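One structure is given here, and the rest of the page talks about it.
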Amino acid sequence: MKVGVFDSGIGGLTVVKSLLEHQLFEEIIYFGDTARVPYGVKDKNTIVRYSLEALEFFKNFEIDLLITACNTVSAYALEEMRAQAPFDVIGVVEPGIIATKNALTNSDANVLVLGTQATIASKAYETLLAAKGFNNTTAKATGLFVPIIEEGLFTGEILESTMEHYFKDLDHPDGIILGCTHFPLIADAIVDYFNNNVILIHSGEAIVEYLETHYEFTQKHHEPKIKFFASENPEALRKVAHNWLDLPDEK
Ligand code: DGL
């Protein structure tokens with residue numbers, strides 16, 4: 001199977017990391033819209049328009065499936081993309097909800113959803129959580145984490161004070177949905193902030209769980225072919241990809 005992975009920028013590489021760890025695909029085509037990131041501060045019309053343009057790009061490859069790793073795209077543009085795609089399009093919100101339900105068996109659990117301004121404004125996670133019986137949900141836009149992570153500050157004073165700024169008035173959550181591609185990179189810091197006593201839901205792991213239940217994978221692919229594309233400075237994205245994904249050399 002050949003899969004496309006779409007993100008607004010580099011963050012979707014966290015989802016690629018999970019796909020690689022589970023060796024599900026023979027070929028991965030990644031596109032990050034680095035010229036127009038961030039999507040998380042834009043309105044629905046713009047997010048949908050950019051996502052449909054990305055879809056056109058993926059039509060140039062014979063992919064079997066497109067994963068929108070970006071939570072913002074998944075929250076706003078999935079329906080429109082599906083209507084125009086000749087292949088399946090899977091977002092990260094629904095898999096994230098299923099993973100939450102599997103991880104937190106008690107629906108009274110206190111769930112904290114973190115995401116960009118746009119993802120939180122869409123109420124996509126809260127609506128689906130409520131449909132599964134989870135009504136004790138708090139959603140918080142934590143967009144400042146995005147540039148902090150892009151700056152590589154996965155630990156330290158700036159991250160600590162930003163967490164304090166966002167989290168200090170919240171009740172201790174039982175589970176946190178990392179509803180943004182970037183946030184798995186600060187997962188350790190978040191767990192630490194909540195005294196190692198919280199369950200995190202990661203889009204990459206959630207999507208793998210979802211794929212394994214909905215598709216049939218007959219063999220493992222140890223060395224998939226990966227191609228990285230970006231709308232601006234693809235070299236920079238390839239460099240980060242090789243670094244984050246620990247790839248030996250250009251594949
Ligand atoms: N990829 C985006 C998301 O997961 C975060 C970065 C952005 O705002 O574009 O929502």
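Starting from 1 in every chain, residues are counted up; chains themselves are A, B, ... following the order of the structure tokens, and ligands are numbered from 1 as listed.
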Query - All residues having an atom within 6 Å of ligand 1 (only C-alpha atoms and all ligand atoms) as number ranges by chain - result: A: 7-8, 11, 37-40, 70-72, 116, 180-181
What would the file look like if the residues just selected were written as a PDB file, in the first residue's frame with all heavy atoms?
ATOM      1  N   ASP A   7       0.274  17.467   5.885  1.00  0.00           N
ATOM      2  CA  ASP A   7       0.249  18.336   7.069  1.00  0.00           C
ATOM      3  C   ASP A   7       0.472  19.778   6.624  1.00  0.00           C
ATOM      4  O   ASP A   7       0.962  20.033   5.525  1.00  0.00           O
ATOM      5  CB  ASP A   7       1.336  17.915   8.072  1.00  0.00           C
ATOM      6  CG  ASP A   7       1.251  18.743   9.350  1.00  0.00           C
ATOM      7  OD1 ASP A   7       0.134  18.905   9.880  1.00  0.00           O
ATOM      8  OD2 ASP A   7       2.276  19.273   9.802  1.00  0.00           O
ATOM      9  N   SER A   8       0.135  20.691   7.519  1.00  0.00           N
ATOM     10  CA  SER A   8       0.378  22.107   7.223  1.00  0.00           C
ATOM     11  C   SER A   8       1.882  22.409   7.202  1.00  0.00           C
ATOM     12  O   SER A   8       2.288  23.422   6.655  1.00  0.00           O
ATOM     13  CB  SER A   8      -0.312  22.963   8.280  1.00  0.00           C
ATOM     14  OG  SER A   8       0.121  22.583   9.569  1.00  0.00           O
ATOM     15  N   GLY A  11       5.029  19.219  11.344  1.00  0.00           N
ATOM     16  CA  GLY A  11       4.503  18.496  12.508  1.00  0.00           C
ATOM     17  C   GLY A  11       4.001  17.091  12.192  1.00  0.00           C
ATOM     18  O   GLY A  11       4.101  16.181  13.018  1.00  0.00           O
ATOM     19  N   VAL A  37       1.997  27.510   6.476  1.00  0.00           N
ATOM     20  CA  VAL A  37       1.814  27.156   7.877  1.00  0.00           C
ATOM     21  C   VAL A  37       1.906  28.445   8.706  1.00  0.00           C
ATOM     22  O   VAL A  37       2.648  29.358   8.309  1.00  0.00           O
ATOM     23  CB  VAL A  37       2.898  26.120   8.304  1.00  0.00           C
ATOM     24  CG1 VAL A  37       4.300  26.726   8.356  1.00  0.00           C
ATOM     25  CG2 VAL A  37       2.543  25.408   9.578  1.00  0.00           C
ATOM     26  N   PRO A  38       1.200  28.651   9.796  1.00  0.00           N
ATOM     27  CA  PRO A  38       0.296  27.712  10.445  1.00  0.00           C
ATOM     28  C   PRO A  38      -1.140  27.802   9.906  1.00  0.00           C
ATOM     29  O   PRO A  38      -1.601  28.869   9.520  1.00  0.00           O
ATOM     30  CB  PRO A  38       0.328  28.180  11.897  1.00  0.00           C
ATOM     31  CG  PRO A  38       0.545  29.663  11.803  1.00  0.00           C
ATOM     32  CD  PRO A  38       1.406  29.866  10.587  1.00  0.00           C
ATOM     33  N   TYR A  39      -1.809  26.667   9.887  1.00  0.00           N
ATOM     34  CA  TYR A  39      -3.223  26.629   9.528  1.00  0.00           C
ATOM     35  C   TYR A  39      -4.083  26.940  10.759  1.00  0.00           C
ATOM     36  O   TYR A  39      -5.228  27.345  10.641  1.00  0.00           O
ATOM     37  CB  TYR A  39      -3.618  25.239   9.032  1.00  0.00           C
ATOM     38  CG  TYR A  39      -3.225  24.886   7.613  1.00  0.00           C
ATOM     39  CD1 TYR A  39      -2.278  25.627   6.891  1.00  0.00           C
ATOM     40  CD2 TYR A  39      -3.808  23.779   6.985  1.00  0.00           C
ATOM     41  CE1 TYR A  39      -1.930  25.254   5.591  1.00  0.00           C
ATOM     42  CE2 TYR A  39      -3.471  23.415   5.696  1.00  0.00           C
ATOM     43  CZ  TYR A  39      -2.539  24.149   4.997  1.00  0.00           C
ATOM     44  OH  TYR A  39      -2.202  23.782   3.720  1.00  0.00           O
ATOM     45  N   GLY A  40      -3.529  26.689  11.927  1.00  0.00           N
ATOM     46  CA  GLY A  40      -4.306  26.725  13.176  1.00  0.00           C
ATOM     47  C   GLY A  40      -4.845  28.079  13.572  1.00  0.00           C
ATOM     48  O   GLY A  40      -5.633  28.186  14.509  1.00  0.00           O
ATOM     49  N   CYS A  70      -2.664  16.566  10.009  1.00  0.00           N
ATOM     50  CA  CYS A  70      -2.954  17.853  10.644  1.00  0.00           C
ATOM     51  C   CYS A  70      -4.335  17.822  11.308  1.00  0.00           C
ATOM     52  O   CYS A  70      -5.341  17.536  10.653  1.00  0.00           O
ATOM     53  CB  CYS A  70      -2.911  18.936   9.573  1.00  0.00           C
ATOM     54  SG  CYS A  70      -3.207  20.577  10.179  1.00  0.00           S
ATOM     55  N   ASN A  71      -4.361  18.117  12.584  1.00  0.00           N
ATOM     56  CA  ASN A  71      -5.636  18.118  13.311  1.00  0.00           C
ATOM     57  C   ASN A  71      -6.560  19.221  12.812  1.00  0.00           C
ATOM     58  O   ASN A  71      -7.770  19.049  12.742  1.00  0.00           O
ATOM     59  CB  ASN A  71      -5.392  18.345  14.807  1.00  0.00           C
ATOM     60  CG  ASN A  71      -4.861  17.111  15.478  1.00  0.00           C
ATOM     61  OD1 ASN A  71      -5.589  16.381  16.121  1.00  0.00           O
ATOM     62  ND2 ASN A  71      -3.568  16.850  15.307  1.00  0.00           N
ATOM     63  N   THR A  72      -5.976  20.366  12.463  1.00  0.00           N
ATOM     64  CA  THR A  72      -6.778  21.496  11.993  1.00  0.00           C
ATOM     65  C   THR A  72      -7.486  21.119  10.687  1.00  0.00           C
ATOM     66  O   THR A  72      -8.689  21.367  10.523  1.00  0.00           O
ATOM     67  CB  THR A  72      -5.869  22.733  11.803  1.00  0.00           C
ATOM     68  OG1 THR A  72      -5.131  22.941  13.014  1.00  0.00           O
ATOM     69  CG2 THR A  72      -6.669  23.961  11.487  1.00  0.00           C
ATOM     70  N   THR A 116      -4.798  23.606  18.269  1.00  0.00           N
ATOM     71  CA  THR A 116      -4.644  24.981  17.796  1.00  0.00           C
ATOM     72  C   THR A 116      -5.955  25.729  18.057  1.00  0.00           C
ATOM     73  O   THR A 116      -6.991  25.113  18.333  1.00  0.00           O
ATOM     74  CB  THR A 116      -4.365  25.011  16.279  1.00  0.00           C
ATOM     75  OG1 THR A 116      -5.496  24.457  15.599  1.00  0.00           O
ATOM     76  CG2 THR A 116      -3.108  24.249  15.919  1.00  0.00           C
ATOM     77  N   CYS A 180      -2.824  18.110  18.205  1.00  0.00           N
ATOM     78  CA  CYS A 180      -2.001  18.913  17.295  1.00  0.00           C
ATOM     79  C   CYS A 180      -0.773  18.088  16.970  1.00  0.00           C
ATOM     80  O   CYS A 180      -0.193  17.451  17.861  1.00  0.00           O
ATOM     81  CB  CYS A 180      -1.605  20.223  17.978  1.00  0.00           C
ATOM     82  SG  CYS A 180      -0.418  21.183  17.022  1.00  0.00           S
ATOM     83  N   THR A 181      -0.400  18.100  15.689  1.00  0.00           N
ATOM     84  CA  THR A 181       0.718  17.270  15.233  1.00  0.00           C
ATOM     85  C   THR A 181       1.995  17.441  16.052  1.00  0.00           C
ATOM     86  O   THR A 181       2.767  16.507  16.209  1.00  0.00           O
ATOM     87  CB  THR A 181       1.067  17.654  13.778  1.00  0.00           C
ATOM     88  OG1 THR A 181       1.110  19.078  13.690  1.00  0.00           O
ATOM     89  CG2 THR A 181       0.069  17.096  12.806  1.00  0.00           C
TER      90      THR A 181
END
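The strand (DSSP E) portion of range 104-239 of chain A consists of Val111, Leu112, Val113, Leu114, Gly115, Thr137, Thr138, Ala139, Lys140, Ala141, Gly175, Ile176, Ile177, Leu178, Gly179, Ile199, Leu200, Ile201, His202, Lys225, Ile226, Lys227, Phe228, Phe229 and Ala230 of chain A, with states taken from DSSP on the backbone.
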Query raised in the report: Looking at only C-alpha atoms, which of A:Gly175, A:Ala187, A:Gln219, A:Tyr193 is the one that sits closest to Ala99 in chain A?
Result: A:Gly175
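Residue nearest Leu112 in chain A within the list A:Pro224, A:Gly179, A:Pro173, A:Gly96: A:Pro173 [criterion: smallest interatomic distance, only C-alpha atoms].
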Query raised in the report: Using the chain letters and numbers from this document, which residues of range 106-201 of chain A does DSSP assign to helix (DSSP H, G or I), as a ChimeraX atom specification?
Result: /A:117-122,124-131,145-150,157-167,183-193
Query raised in the report: Neighbours of Ile148 in chain A within 8 Å (only C-alpha atoms; same-chain residues fewer than 5 positions away dropped), as a list in words?
Result: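 Counting only the stated atoms, we get Leu153, Phe154, Ile158 and Leu159 of chain A.
Separating CA of Ala236 in chain A from CA of Asp43 in chain A is a distance of 26.9 Å.
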